file my_file_0.txt (compact mmCIF, C-alpha atoms)
# COMPACT_ATOMS: atom_id res chain seq x y z
CA MET Z 24 183.94 -59.89 43.05
CA ASN Z 25 187.31 -60.27 44.74
CA ALA Z 26 187.10 -63.99 45.43
CA LYS Z 27 189.81 -66.26 44.10
CA VAL Z 28 188.22 -69.17 42.22
CA LEU Z 29 189.91 -72.39 41.17
CA ALA Z 30 188.12 -74.15 38.32
CA VAL Z 31 188.73 -77.90 38.34
CA ILE Z 32 187.85 -80.23 35.49
CA PRO Z 33 187.92 -83.83 36.82
CA ALA Z 34 188.97 -86.10 33.94
CA ARG Z 35 189.15 -89.82 34.66
CA TYR Z 36 190.29 -92.12 31.89
CA ALA Z 37 188.39 -95.12 33.23
CA SER Z 38 184.68 -95.12 32.52
CA THR Z 39 182.39 -98.10 32.77
CA ARG Z 40 180.33 -97.24 29.71
CA PHE Z 41 182.95 -95.40 27.68
CA PRO Z 42 186.63 -95.93 28.63
CA GLY Z 43 188.86 -93.05 27.57
CA LYS Z 44 185.92 -90.83 26.69
CA VAL Z 45 187.65 -87.61 27.76
CA LEU Z 46 190.24 -88.18 25.02
CA HIS Z 47 187.75 -89.23 22.37
CA PRO Z 48 187.55 -86.83 19.42
CA ILE Z 49 184.36 -84.93 18.72
CA ALA Z 50 184.46 -83.50 15.20
CA GLY Z 51 188.24 -83.59 15.25
CA LYS Z 52 188.85 -82.20 18.74
CA SER Z 53 189.08 -84.20 21.97
CA MET Z 54 186.29 -83.91 24.50
CA ILE Z 55 188.58 -82.60 27.24
CA ALA Z 56 190.04 -80.00 24.87
CA ARG Z 57 186.55 -78.69 24.15
CA VAL Z 58 185.72 -78.49 27.85
CA TYR Z 59 188.97 -76.75 28.73
CA GLU Z 60 188.72 -74.17 25.95
CA ARG Z 61 185.18 -73.21 26.92
CA VAL Z 62 185.93 -72.96 30.62
CA LYS Z 63 188.89 -70.69 29.89
CA GLN Z 64 186.51 -68.26 28.18
CA ALA Z 65 184.51 -67.66 31.37
CA ARG Z 66 185.19 -64.40 33.17
CA GLY Z 67 185.99 -64.36 36.88
CA LEU Z 68 188.10 -67.51 37.23
CA THR Z 69 191.53 -67.24 38.84
CA GLU Z 70 192.91 -70.49 37.44
CA VAL Z 71 191.69 -73.51 35.44
CA VAL Z 72 193.21 -76.95 36.00
CA VAL Z 73 192.49 -80.50 34.87
CA ALA Z 74 192.53 -83.15 37.62
CA THR Z 75 193.23 -86.66 36.38
CA ASP Z 76 194.59 -90.00 37.52
CA ASP Z 77 195.93 -91.08 34.12
CA GLU Z 78 199.18 -90.17 32.39
CA ARG Z 79 197.56 -90.38 28.94
CA VAL Z 80 195.09 -87.68 29.89
CA ALA Z 81 197.81 -85.65 31.58
CA SER Z 82 200.07 -85.70 28.52
CA HIS Z 83 197.22 -84.74 26.20
CA VAL Z 84 196.08 -81.86 28.39
CA GLN Z 85 199.61 -80.53 28.90
CA ALA Z 86 200.00 -80.42 25.12
CA LEU Z 87 197.00 -78.08 25.10
CA GLY Z 88 198.88 -75.73 27.42
CA ALA Z 89 196.70 -76.55 30.42
CA ARG Z 90 197.88 -77.16 33.97
CA VAL Z 91 197.40 -80.73 35.18
CA LEU Z 92 197.13 -81.95 38.74
CA MET Z 93 197.56 -85.70 39.23
CA THR Z 94 195.04 -87.16 41.67
CA ALA Z 95 194.37 -90.56 43.20
CA PRO Z 96 192.47 -93.12 41.09
CA GLU Z 97 190.11 -94.30 43.82
CA HIS Z 98 188.04 -91.15 44.36
CA PRO Z 99 184.32 -92.01 44.56
CA SER Z 100 183.22 -88.71 42.96
CA GLY Z 101 184.37 -85.61 41.15
CA THR Z 102 183.85 -83.69 44.38
CA ASP Z 103 186.59 -85.67 46.12
CA ARG Z 104 188.90 -85.26 43.14
CA CYS Z 105 188.30 -81.50 43.23
CA PHE Z 106 189.29 -81.38 46.89
CA GLU Z 107 192.55 -83.20 46.23
CA ALA Z 108 193.23 -80.79 43.36
CA LEU Z 109 192.64 -77.88 45.71
CA GLN Z 110 195.09 -79.38 48.21
CA LYS Z 111 197.73 -79.81 45.49
CA SER Z 112 197.16 -76.45 43.80
CA GLY Z 113 199.81 -74.71 45.91
CA ALA Z 114 197.76 -71.54 46.34
CA HIS Z 115 194.89 -70.12 48.39
CA TYR Z 116 191.46 -70.10 46.79
CA ASP Z 117 188.16 -68.94 48.26
CA TYR Z 118 186.00 -71.09 45.99
CA VAL Z 119 186.33 -74.19 43.83
CA LEU Z 120 184.31 -74.75 40.68
CA ASN Z 121 183.64 -78.35 39.64
CA ILE Z 122 183.11 -78.73 35.89
CA GLN Z 123 182.26 -82.13 34.43
CA GLY Z 124 184.87 -83.42 31.99
CA ASP Z 125 182.18 -84.94 29.76
CA GLU Z 126 180.29 -81.73 28.95
CA PRO Z 127 182.16 -80.46 25.88
CA PHE Z 128 179.59 -77.81 25.06
CA ILE Z 129 179.41 -76.03 28.39
CA VAL Z 130 178.59 -72.35 27.90
CA PRO Z 131 180.85 -69.80 29.65
CA ALA Z 132 177.73 -67.87 30.69
CA GLN Z 133 176.70 -70.86 32.83
CA ILE Z 134 179.88 -70.53 34.83
CA GLU Z 135 179.50 -66.78 35.11
CA ALA Z 136 175.95 -67.21 36.46
CA LEU Z 137 177.32 -69.23 39.37
CA LEU Z 138 180.17 -66.83 40.04
CA ALA Z 139 177.64 -63.99 40.23
CA LEU Z 140 176.22 -65.60 43.38
CA ILE Z 141 179.45 -65.01 45.31
CA ASP Z 142 179.10 -62.16 47.81
CA ASP Z 143 181.88 -60.06 49.29
CA ALA Z 144 181.36 -61.62 52.73
CA HIS Z 145 181.83 -65.11 51.25
CA LYS Z 146 178.68 -66.43 52.89
CA LEU Z 147 177.86 -68.60 49.90
CA GLU Z 148 178.45 -72.26 50.80
CA ILE Z 149 177.55 -74.28 47.69
CA ALA Z 150 175.89 -73.23 44.44
CA THR Z 151 174.63 -75.07 41.39
CA LEU Z 152 172.61 -74.46 38.23
CA ILE Z 153 168.99 -75.29 37.49
CA LYS Z 154 166.88 -74.99 34.35
CA PRO Z 155 163.10 -74.87 33.90
CA ILE Z 156 161.80 -78.13 32.43
CA GLU Z 157 160.22 -77.50 29.05
CA ARG Z 158 159.15 -80.97 27.96
CA LEU Z 159 157.00 -83.60 29.60
CA ASP Z 160 159.40 -86.39 28.68
CA GLU Z 161 162.17 -84.57 30.59
CA LEU Z 162 159.95 -84.37 33.64
CA LYS Z 163 159.23 -88.09 33.51
CA ASP Z 164 162.83 -89.12 32.79
CA THR Z 165 164.44 -90.52 35.95
CA GLY Z 166 167.83 -89.77 34.41
CA GLU Z 167 167.06 -86.06 34.74
CA VAL Z 168 167.43 -84.87 38.33
CA LYS Z 169 164.70 -82.55 39.51
CA VAL Z 170 164.98 -79.92 42.26
CA VAL Z 171 162.57 -77.92 44.42
CA LEU Z 172 163.51 -74.55 45.95
CA ASN Z 173 162.70 -72.35 48.91
CA THR Z 174 161.84 -68.66 48.60
CA ARG Z 175 165.53 -67.71 48.78
CA GLY Z 176 166.42 -69.82 45.76
CA GLU Z 177 168.08 -72.52 47.84
CA ALA Z 178 167.56 -76.19 47.04
CA LEU Z 179 165.17 -78.01 49.34
CA TYR Z 180 165.46 -81.42 47.72
CA PHE Z 181 166.72 -83.20 44.62
CA SER Z 182 164.98 -86.25 43.17
CA ARG Z 183 164.97 -88.43 40.10
CA TYR Z 184 161.18 -88.36 40.24
CA PRO Z 185 158.98 -85.36 39.37
CA VAL Z 186 158.82 -83.03 42.37
CA PRO Z 187 156.79 -81.40 43.69
CA PHE Z 188 154.02 -83.97 43.51
CA VAL Z 189 150.82 -82.21 42.41
CA ARG Z 190 148.03 -84.02 44.19
CA ASP Z 191 144.97 -82.70 42.39
CA MET Z 192 145.87 -83.28 38.74
CA PRO Z 193 147.77 -85.78 36.62
CA LEU Z 194 151.37 -85.01 35.76
CA GLU Z 195 150.46 -84.50 32.09
CA GLU Z 196 148.33 -81.55 33.18
CA ALA Z 197 150.31 -80.34 36.20
CA TRP Z 198 153.46 -79.54 34.24
CA LYS Z 199 151.49 -76.96 32.23
CA HIS Z 200 150.53 -75.05 35.39
CA TYR Z 201 153.57 -75.41 37.66
CA THR Z 202 157.24 -74.65 37.14
CA PHE Z 203 159.45 -77.71 37.48
CA TYR Z 204 163.22 -77.41 37.51
CA LYS Z 205 165.94 -79.84 36.54
CA HIS Z 206 169.46 -79.85 37.88
CA VAL Z 207 172.39 -78.87 35.66
CA GLY Z 208 175.45 -80.55 37.16
CA LEU Z 209 177.86 -77.70 37.76
CA TYR Z 210 178.98 -76.98 41.35
CA LEU Z 211 180.65 -74.07 43.08
CA TYR Z 212 181.92 -74.75 46.62
CA ARG Z 213 183.41 -72.44 49.19
CA ALA Z 214 186.81 -73.99 49.84
CA ASP Z 215 186.21 -74.84 53.51
CA ILE Z 216 182.80 -76.34 52.69
CA LEU Z 217 184.33 -78.52 49.97
CA GLU Z 218 186.73 -79.93 52.54
CA ALA Z 219 183.92 -80.51 55.04
CA VAL Z 220 181.57 -82.37 52.68
CA CYS Z 221 184.36 -84.68 51.52
CA TYR Z 222 184.65 -86.04 55.05
CA LEU Z 223 180.93 -86.81 55.39
CA SER Z 224 179.75 -90.40 55.20
CA PRO Z 225 177.11 -91.34 52.60
CA SER Z 226 173.64 -90.52 53.92
CA MET Z 227 170.30 -92.32 53.78
CA LEU Z 228 168.77 -90.02 51.16
CA GLU Z 229 171.93 -90.12 49.06
CA ARG Z 230 171.88 -93.90 49.01
CA ALA Z 231 168.17 -93.92 48.15
CA GLU Z 232 168.42 -91.56 45.17
CA SER Z 233 172.12 -92.03 44.33
CA LEU Z 234 172.65 -88.26 44.50
CA GLU Z 235 175.59 -86.98 46.54
CA GLN Z 236 174.13 -83.49 46.97
CA LEU Z 237 171.46 -84.98 49.23
CA ARG Z 238 174.25 -85.83 51.69
CA TRP Z 239 175.10 -82.15 51.91
CA LEU Z 240 171.49 -81.12 52.43
CA GLU Z 241 170.97 -83.78 55.10
CA HIS Z 242 173.90 -82.33 57.03
CA GLY Z 243 172.49 -78.83 56.87
CA TYR Z 244 174.58 -77.22 54.15
CA ARG Z 245 172.85 -74.67 51.95
CA ILE Z 246 172.87 -75.10 48.18
CA HIS Z 247 172.04 -71.89 46.34
CA THR Z 248 170.88 -72.05 42.75
CA ALA Z 249 171.16 -69.91 39.64
CA ILE Z 250 168.75 -70.34 36.77
CA THR Z 251 170.22 -70.95 33.34
CA SER Z 252 168.55 -71.07 29.95
CA TYR Z 253 171.30 -73.34 28.60
CA ASP Z 254 170.95 -77.09 28.72
CA SER Z 255 173.76 -79.48 29.57
CA VAL Z 256 175.01 -81.77 26.83
CA CYS Z 257 176.70 -84.78 28.43
CA VAL Z 258 178.63 -87.29 26.36
CA GLU Z 259 178.51 -90.58 28.24
CA THR Z 260 178.55 -93.24 25.49
CA PRO Z 261 179.98 -93.68 21.97
CA GLU Z 262 176.43 -93.21 20.69
CA ASP Z 263 176.36 -89.78 22.33
CA VAL Z 264 179.40 -88.77 20.27
CA GLN Z 265 177.51 -89.54 17.07
CA LYS Z 266 174.51 -87.54 18.28
CA VAL Z 267 176.49 -84.40 19.16
CA GLU Z 268 178.49 -84.58 15.93
CA GLN Z 269 175.21 -84.64 14.03
CA MET Z 270 173.98 -81.68 16.09
CA LEU Z 271 177.19 -79.80 15.29
CA ALA Z 272 176.78 -80.50 11.58
CA GLN Z 273 173.20 -79.24 11.74
CA GLY Z 274 174.22 -76.05 13.57
CA LEU Z 275 172.35 -77.01 16.73
CA LEU Z 276 175.55 -76.79 18.80
CA LYS Z 277 178.34 -74.27 18.65
call {"tool": "encode", "arguments": {"input": "my_file_0.txt", "output": "structure tokens"}}
result
Amino acid sequence: MNAKVLAVIPARYASTRFPGKVLHPIAGKSMIARVYERVKQARGLTEVVVATDDERVASHVQALGARVLMTAPEHPSGTDRCFEALQKSGAHYDYVLNIQGDEPFIVPAQIEALLALIDDAHKLEIATLIKPIERLDELKDTGEVKVVLNTRGEALYFSRYPVPFVRDMPLEEAWKHYTFYKHVGLYLYRADILEAVCYLSPSMLERAESLEQLRWLEHGYRIHTAITSYDSVCVETPEDVQKVEQMLAQGLLK
């Protein structure tokens, strides 16, 4: 793979449920430090940067030896922040990887699975990760985004509800006979596609499900998927910090 890939970790300080969460320590190490260190371990990335709108985050990340790109505070999503980071990077990149700043236990192999989808002709537009759903409660949880695919492994639709709907049997039985996938929120964009989707207006399906990737599908962009066996571990509240610290102590996270 000869593509140049910029990995961007959007790291806002403001958070409705957990202000300053990217700087919060998890077992003695800040969340953003854990994310950055793990992303740096992935093979195939040209550069890794942290994109933030807050000087406190910038100072902390620079102390880690990471490159920081200051971005505007009003971005509606991490996608928009990634595009501004690309614009300010000062170099040419073929692809941009968007890594959530609140996933401190991201596995480098997850990143490498996405990078493996890049072809020499750079036909790949957008790619993301999916994981087979293994528990019924996950399938029923509207906080877990589900996805259905076509025969080429491209996403057909994302929903907070269980899809596909199995007409002839209850969900409690259907999930034993059909493969359901959930979305793992890691995105790889071709650079020109990232620019294009940032200029699109919110779409009907996006507003209905509150999922920005539906905007891209509605406008005809293709989202390829790679299957991962690793789950995402998001830290969105102070209670989540306690949970992951307990999991670390029990050896359930590394």
call {"tool": "closest_residue", "arguments": {"input": "my_file_0.txt", "among": "Z:Glu126, Z:Glu157, Z:Asp254, Z:Glu107", "to": "Arg57 in chain Z", "atoms": "only C-alpha atoms"}}
result
Z:Glu126
call {"tool": "closest_residue", "arguments": {"input": "my_file_0.txt", "among": "Z:Thr248, Z:Asn121, Z:Gln236, Z:Thr102", "to": "Val72 in chain Z", "atoms": "all atoms listed in the file"}}
result
Z:Asn121
call {"tool": "atom_distance", "arguments": {"input": "my_file_0.txt", "atom1": "CA of Ala74 in chain Z", "atom2": "CA of Leu29 in chain Z"}}
result
11.6 Å
call {"tool": "closest_atom_pairs", "arguments": {"input": "my_file_0.txt", "of": "range 44-163 of chain Z", "to": "range 212-219 of chain Z", "cutoff": "12 Å", "atoms": "all atoms listed in the file", "output": "JSON lines"}}
result
{"residue": "Z:Gly101", "atom": "CA", "partner": "Z:Leu217", "partner_atom": "CA", "distance": 11.3}
{"residue": "Z:Thr102", "atom": "CA", "partner": "Z:Leu217", "partner_atom": "CA", "distance": 7.6}
{"residue": "Z:Asp103", "atom": "CA", "partner": "Z:Leu217", "partner_atom": "CA", "distance": 8.4}
{"residue": "Z:Arg104", "atom": "CA", "partner": "Z:Leu217", "partner_atom": "CA", "distance": 10.6}
{"residue": "Z:Cys105", "atom": "CA", "partner": "Z:Leu217", "partner_atom": "CA", "distance": 8.4}
{"residue": "Z:Phe106", "atom": "CA", "partner": "Z:Glu218", "partner_atom": "CA", "distance": 6.4}
{"residue": "Z:Glu107", "atom": "CA", "partner": "Z:Glu218", "partner_atom": "CA", "distance": 9.2}
{"residue": "Z:Ala108", "atom": "CA", "partner": "Z:Glu218", "partner_atom": "CA", "distance": 11.3}
{"residue": "Z:Leu109", "atom": "CA", "partner": "Z:Ala214", "partner_atom": "CA", "distance": 8.1}
{"residue": "Z:Gln110", "atom": "CA", "partner": "Z:Glu218", "partner_atom": "CA", "distance": 9.4}
{"residue": "Z:Ala114", "atom": "CA", "partner": "Z:Ala214", "partner_atom": "CA", "distance": 11.8}
{"residue": "Z:His115", "atom": "CA", "partner": "Z:Ala214", "partner_atom": "CA", "distance": 9.1}
{"residue": "Z:Tyr116", "atom": "CA", "partner": "Z:Ala214", "partner_atom": "CA", "distance": 6.8}
{"residue": "Z:Asp117", "atom": "CA", "partner": "Z:Ala214", "partner_atom": "CA", "distance": 5.5}
{"residue": "Z:Tyr118", "atom": "CA", "partner": "Z:Arg213", "partner_atom": "CA", "distance": 4.3}
{"residue": "Z:Val119", "atom": "CA", "partner": "Z:Tyr212", "partner_atom": "CA", "distance": 5.2}
{"residue": "Z:Leu120", "atom": "CA", "partner": "Z:Tyr212", "partner_atom": "CA", "distance": 6.4}
{"residue": "Z:Asn121", "atom": "CA", "partner": "Z:Tyr212", "partner_atom": "CA", "distance": 8.0}
{"residue": "Z:Ile122", "atom": "CA", "partner": "Z:Tyr212", "partner_atom": "CA", "distance": 11.5}
{"residue": "Z:Leu137", "atom": "CA", "partner": "Z:Tyr212", "partner_atom": "CA", "distance": 10.2}
{"residue": "Z:Leu138", "atom": "CA", "partner": "Z:Tyr212", "partner_atom": "CA", "distance": 10.4}
{"residue": "Z:Leu140", "atom": "CA", "partner": "Z:Tyr212", "partner_atom": "CA", "distance": 11.3}
{"residue": "Z:Ile141", "atom": "CA", "partner": "Z:Arg213", "partner_atom": "CA", "distance": 9.3}
{"residue": "Z:Asp142", "atom": "CA", "partner": "Z:Arg213", "partner_atom": "CA", "distance": 11.2}
{"residue": "Z:Ala144", "atom": "CA", "partner": "Z:Arg213", "partner_atom": "CA", "distance": 11.6}
{"residue": "Z:His145", "atom": "CA", "partner": "Z:Arg213", "partner_atom": "CA", "distance": 7.8}
{"residue": "Z:Lys146", "atom": "CA", "partner": "Z:Arg213", "partner_atom": "CA", "distance": 8.5}
{"residue": "Z:Leu147", "atom": "CA", "partner": "Z:Arg213", "partner_atom": "CA", "distance": 6.8}
{"residue": "Z:Glu148", "atom": "CA", "partner": "Z:Arg213", "partner_atom": "CA", "distance": 5.2}
{"residue": "Z:Ile149", "atom": "CA", "partner": "Z:Tyr212", "partner_atom": "CA", "distance": 4.5}
{"residue": "Z:Ala150", "atom": "CA", "partner": "Z:Tyr212", "partner_atom": "CA", "distance": 6.6}
{"residue": "Z:Thr151", "atom": "CA", "partner": "Z:Tyr212", "partner_atom": "CA", "distance": 9.0}
call {"tool": "residues_around", "arguments": {"input": "my_file_0.txt", "residues": "range 223-234 of chain Z", "least_positions_apart": "6", "cutoff": "10 Å", "atoms": "all atoms listed in the file", "output": "PyMOL selection string"}}
result
chain Z and resi 168+180-184+240-242
call {"tool": "atom_distance", "arguments": {"input": "my_file_0.txt", "atom1": "CA of Asp77 in chain Z", "atom2": "CA of Gly51 in chain Z"}}
result
21.7 Å
call {"tool": "closest_residue", "arguments": {"input": "my_file_0.txt", "among": "Z:Thr251, Z:Tyr59, Z:Arg190, Z:Val28", "to": "Asp125 in chain Z", "atoms": "only C-alpha atoms"}}
result
Z:Tyr59
call {"tool": "atom_distance", "arguments": {"input": "my_file_0.txt", "atom1": "CA of Glu268 in chain Z", "atom2": "CA of Ile49 in chain Z"}}
result
6.5 Å
call {"tool": "axis_aligned_box", "arguments": {"input": "my_file_0.txt", "around": "range 143-154 of chain Z", "padding_each_side": "8 Å", "output": "lines of an AutoDock Vina configuration file"}}
result
center_x = 174.4
center_y = -67.7
center_z = 43.6
size_x = 31.0
size_y = 31.2
size_z = 34.5
call {"tool": "closest_residue", "arguments": {"input": "my_file_0.txt", "among": "Z:Ser82, Z:Val71, Z:Tyr201, Z:Ala34", "to": "Ala95 in chain Z", "atoms": "all atoms listed in the file"}}
result
Z:Ala34
call {"tool": "closest_residue", "arguments": {"input": "my_file_0.txt", "among": "Z:Val31, Z:Ala89, Z:Met192, Z:Leu179", "to": "Ser112 in chain Z", "atoms": "all atoms listed in the file"}}
result
Z:Val31
call {"tool": "decode", "arguments": {"input": "my_file_0.txt", "residues": "range 126-160 of chain Z", "atoms": "N, CA and C atoms", "output": "short mmCIF file (atom, residue, chain, number, x, y, z; two decimals), in the first residue's frame"}}
result
data_model
loop_
_atom_site.label_atom_id
_atom_site.label_comp_id
_atom_site.auth_asym_id
_atom_site.auth_seq_id
_atom_site.Cartn_x
_atom_site.Cartn_y
_atom_site.Cartn_z
N GLU Z 126 -12.08 6.52 22.89
CA GLU Z 126 -11.93 5.06 22.83
C GLU Z 126 -10.50 4.70 23.22
N PRO Z 127 -10.19 4.72 24.51
CA PRO Z 127 -8.81 4.55 24.96
C PRO Z 127 -8.25 3.14 24.81
N PHE Z 128 -9.10 2.20 24.41
CA PHE Z 128 -8.61 0.83 24.27
C PHE Z 128 -8.74 0.32 22.84
N ILE Z 129 -8.67 1.25 21.89
CA ILE Z 129 -8.69 0.87 20.49
C ILE Z 129 -7.51 -0.07 20.22
N VAL Z 130 -7.74 -1.06 19.39
CA VAL Z 130 -6.72 -2.06 19.08
C VAL Z 130 -6.07 -1.71 17.75
N PRO Z 131 -4.75 -1.63 17.67
CA PRO Z 131 -4.10 -1.29 16.40
C PRO Z 131 -4.56 -2.15 15.23
N ALA Z 132 -4.89 -3.41 15.50
CA ALA Z 132 -5.35 -4.30 14.42
C ALA Z 132 -6.66 -3.81 13.80
N GLN Z 133 -7.47 -3.07 14.55
CA GLN Z 133 -8.70 -2.51 13.98
C GLN Z 133 -8.35 -1.48 12.90
N ILE Z 134 -7.39 -0.66 13.18
CA ILE Z 134 -6.94 0.33 12.21
C ILE Z 134 -6.36 -0.35 10.98
N GLU Z 135 -5.54 -1.35 11.21
CA GLU Z 135 -4.88 -2.05 10.11
C GLU Z 135 -5.89 -2.77 9.21
N ALA Z 136 -7.01 -3.22 9.80
CA ALA Z 136 -8.06 -3.87 9.00
C ALA Z 136 -8.67 -2.89 8.01
N LEU Z 137 -8.84 -1.64 8.43
CA LEU Z 137 -9.37 -0.63 7.51
C LEU Z 137 -8.35 -0.27 6.44
N LEU Z 138 -7.11 -0.10 6.83
CA LEU Z 138 -6.08 0.26 5.87
C LEU Z 138 -5.90 -0.82 4.81
N ALA Z 139 -6.18 -2.06 5.16
CA ALA Z 139 -6.06 -3.17 4.21
C ALA Z 139 -7.06 -3.07 3.06
N LEU Z 140 -8.11 -2.26 3.24
CA LEU Z 140 -9.11 -2.09 2.20
C LEU Z 140 -8.66 -1.14 1.10
N ILE Z 141 -7.62 -0.36 1.36
CA ILE Z 141 -7.14 0.60 0.36
C ILE Z 141 -6.52 -0.16 -0.81
N ASP Z 142 -6.93 0.21 -2.02
CA ASP Z 142 -6.37 -0.42 -3.22
C ASP Z 142 -5.44 0.57 -3.91
N ASP Z 143 -4.59 0.05 -4.78
CA ASP Z 143 -3.59 0.89 -5.43
C ASP Z 143 -4.21 1.98 -6.30
N ALA Z 144 -5.42 1.71 -6.82
CA ALA Z 144 -6.08 2.69 -7.69
C ALA Z 144 -6.82 3.75 -6.88
N HIS Z 145 -6.85 3.59 -5.56
CA HIS Z 145 -7.52 4.54 -4.66
C HIS Z 145 -8.99 4.71 -5.02
N LYS Z 146 -9.65 3.59 -5.28
CA LYS Z 146 -11.08 3.64 -5.58
C LYS Z 146 -11.94 3.65 -4.31
N LEU Z 147 -11.34 3.25 -3.20
CA LEU Z 147 -12.07 3.23 -1.94
C LEU Z 147 -12.50 4.64 -1.57
N GLU Z 148 -13.79 4.82 -1.26
CA GLU Z 148 -14.31 6.14 -0.91
C GLU Z 148 -14.34 6.35 0.61
N ILE Z 149 -15.09 5.49 1.29
CA ILE Z 149 -15.20 5.55 2.75
C ILE Z 149 -15.19 4.11 3.26
N ALA Z 150 -14.59 3.89 4.41
CA ALA Z 150 -14.61 2.54 5.00
C ALA Z 150 -14.82 2.66 6.50
N THR Z 151 -15.41 1.64 7.07
CA THR Z 151 -15.65 1.60 8.50
C THR Z 151 -15.63 0.16 8.98
N LEU Z 152 -15.67 -0.02 10.29
CA LEU Z 152 -15.61 -1.37 10.88
C LEU Z 152 -16.99 -1.84 11.32
N ILE Z 153 -17.19 -3.14 11.25
CA ILE Z 153 -18.40 -3.77 11.78
C ILE Z 153 -18.00 -5.01 12.56
N LYS Z 154 -18.90 -5.43 13.45
CA LYS Z 154 -18.63 -6.61 14.27
C LYS Z 154 -19.91 -7.43 14.40
N PRO Z 155 -19.82 -8.75 14.25
CA PRO Z 155 -21.02 -9.58 14.46
C PRO Z 155 -21.56 -9.39 15.87
N ILE Z 156 -22.87 -9.28 15.98
CA ILE Z 156 -23.53 -9.14 17.28
C ILE Z 156 -23.64 -10.50 17.93
N GLU Z 157 -23.18 -10.59 19.17
CA GLU Z 157 -23.11 -11.88 19.85
C GLU Z 157 -24.08 -12.03 21.00
N ARG Z 158 -24.78 -10.93 21.34
CA ARG Z 158 -25.72 -11.01 22.45
C ARG Z 158 -27.04 -10.37 22.06
N LEU Z 159 -28.11 -10.93 22.54
CA LEU Z 159 -29.44 -10.41 22.22
C LEU Z 159 -29.64 -9.01 22.76
N ASP Z 160 -29.10 -8.71 23.94
CA ASP Z 160 -29.27 -7.38 24.49
C ASP Z 160 -28.59 -6.31 23.64
#
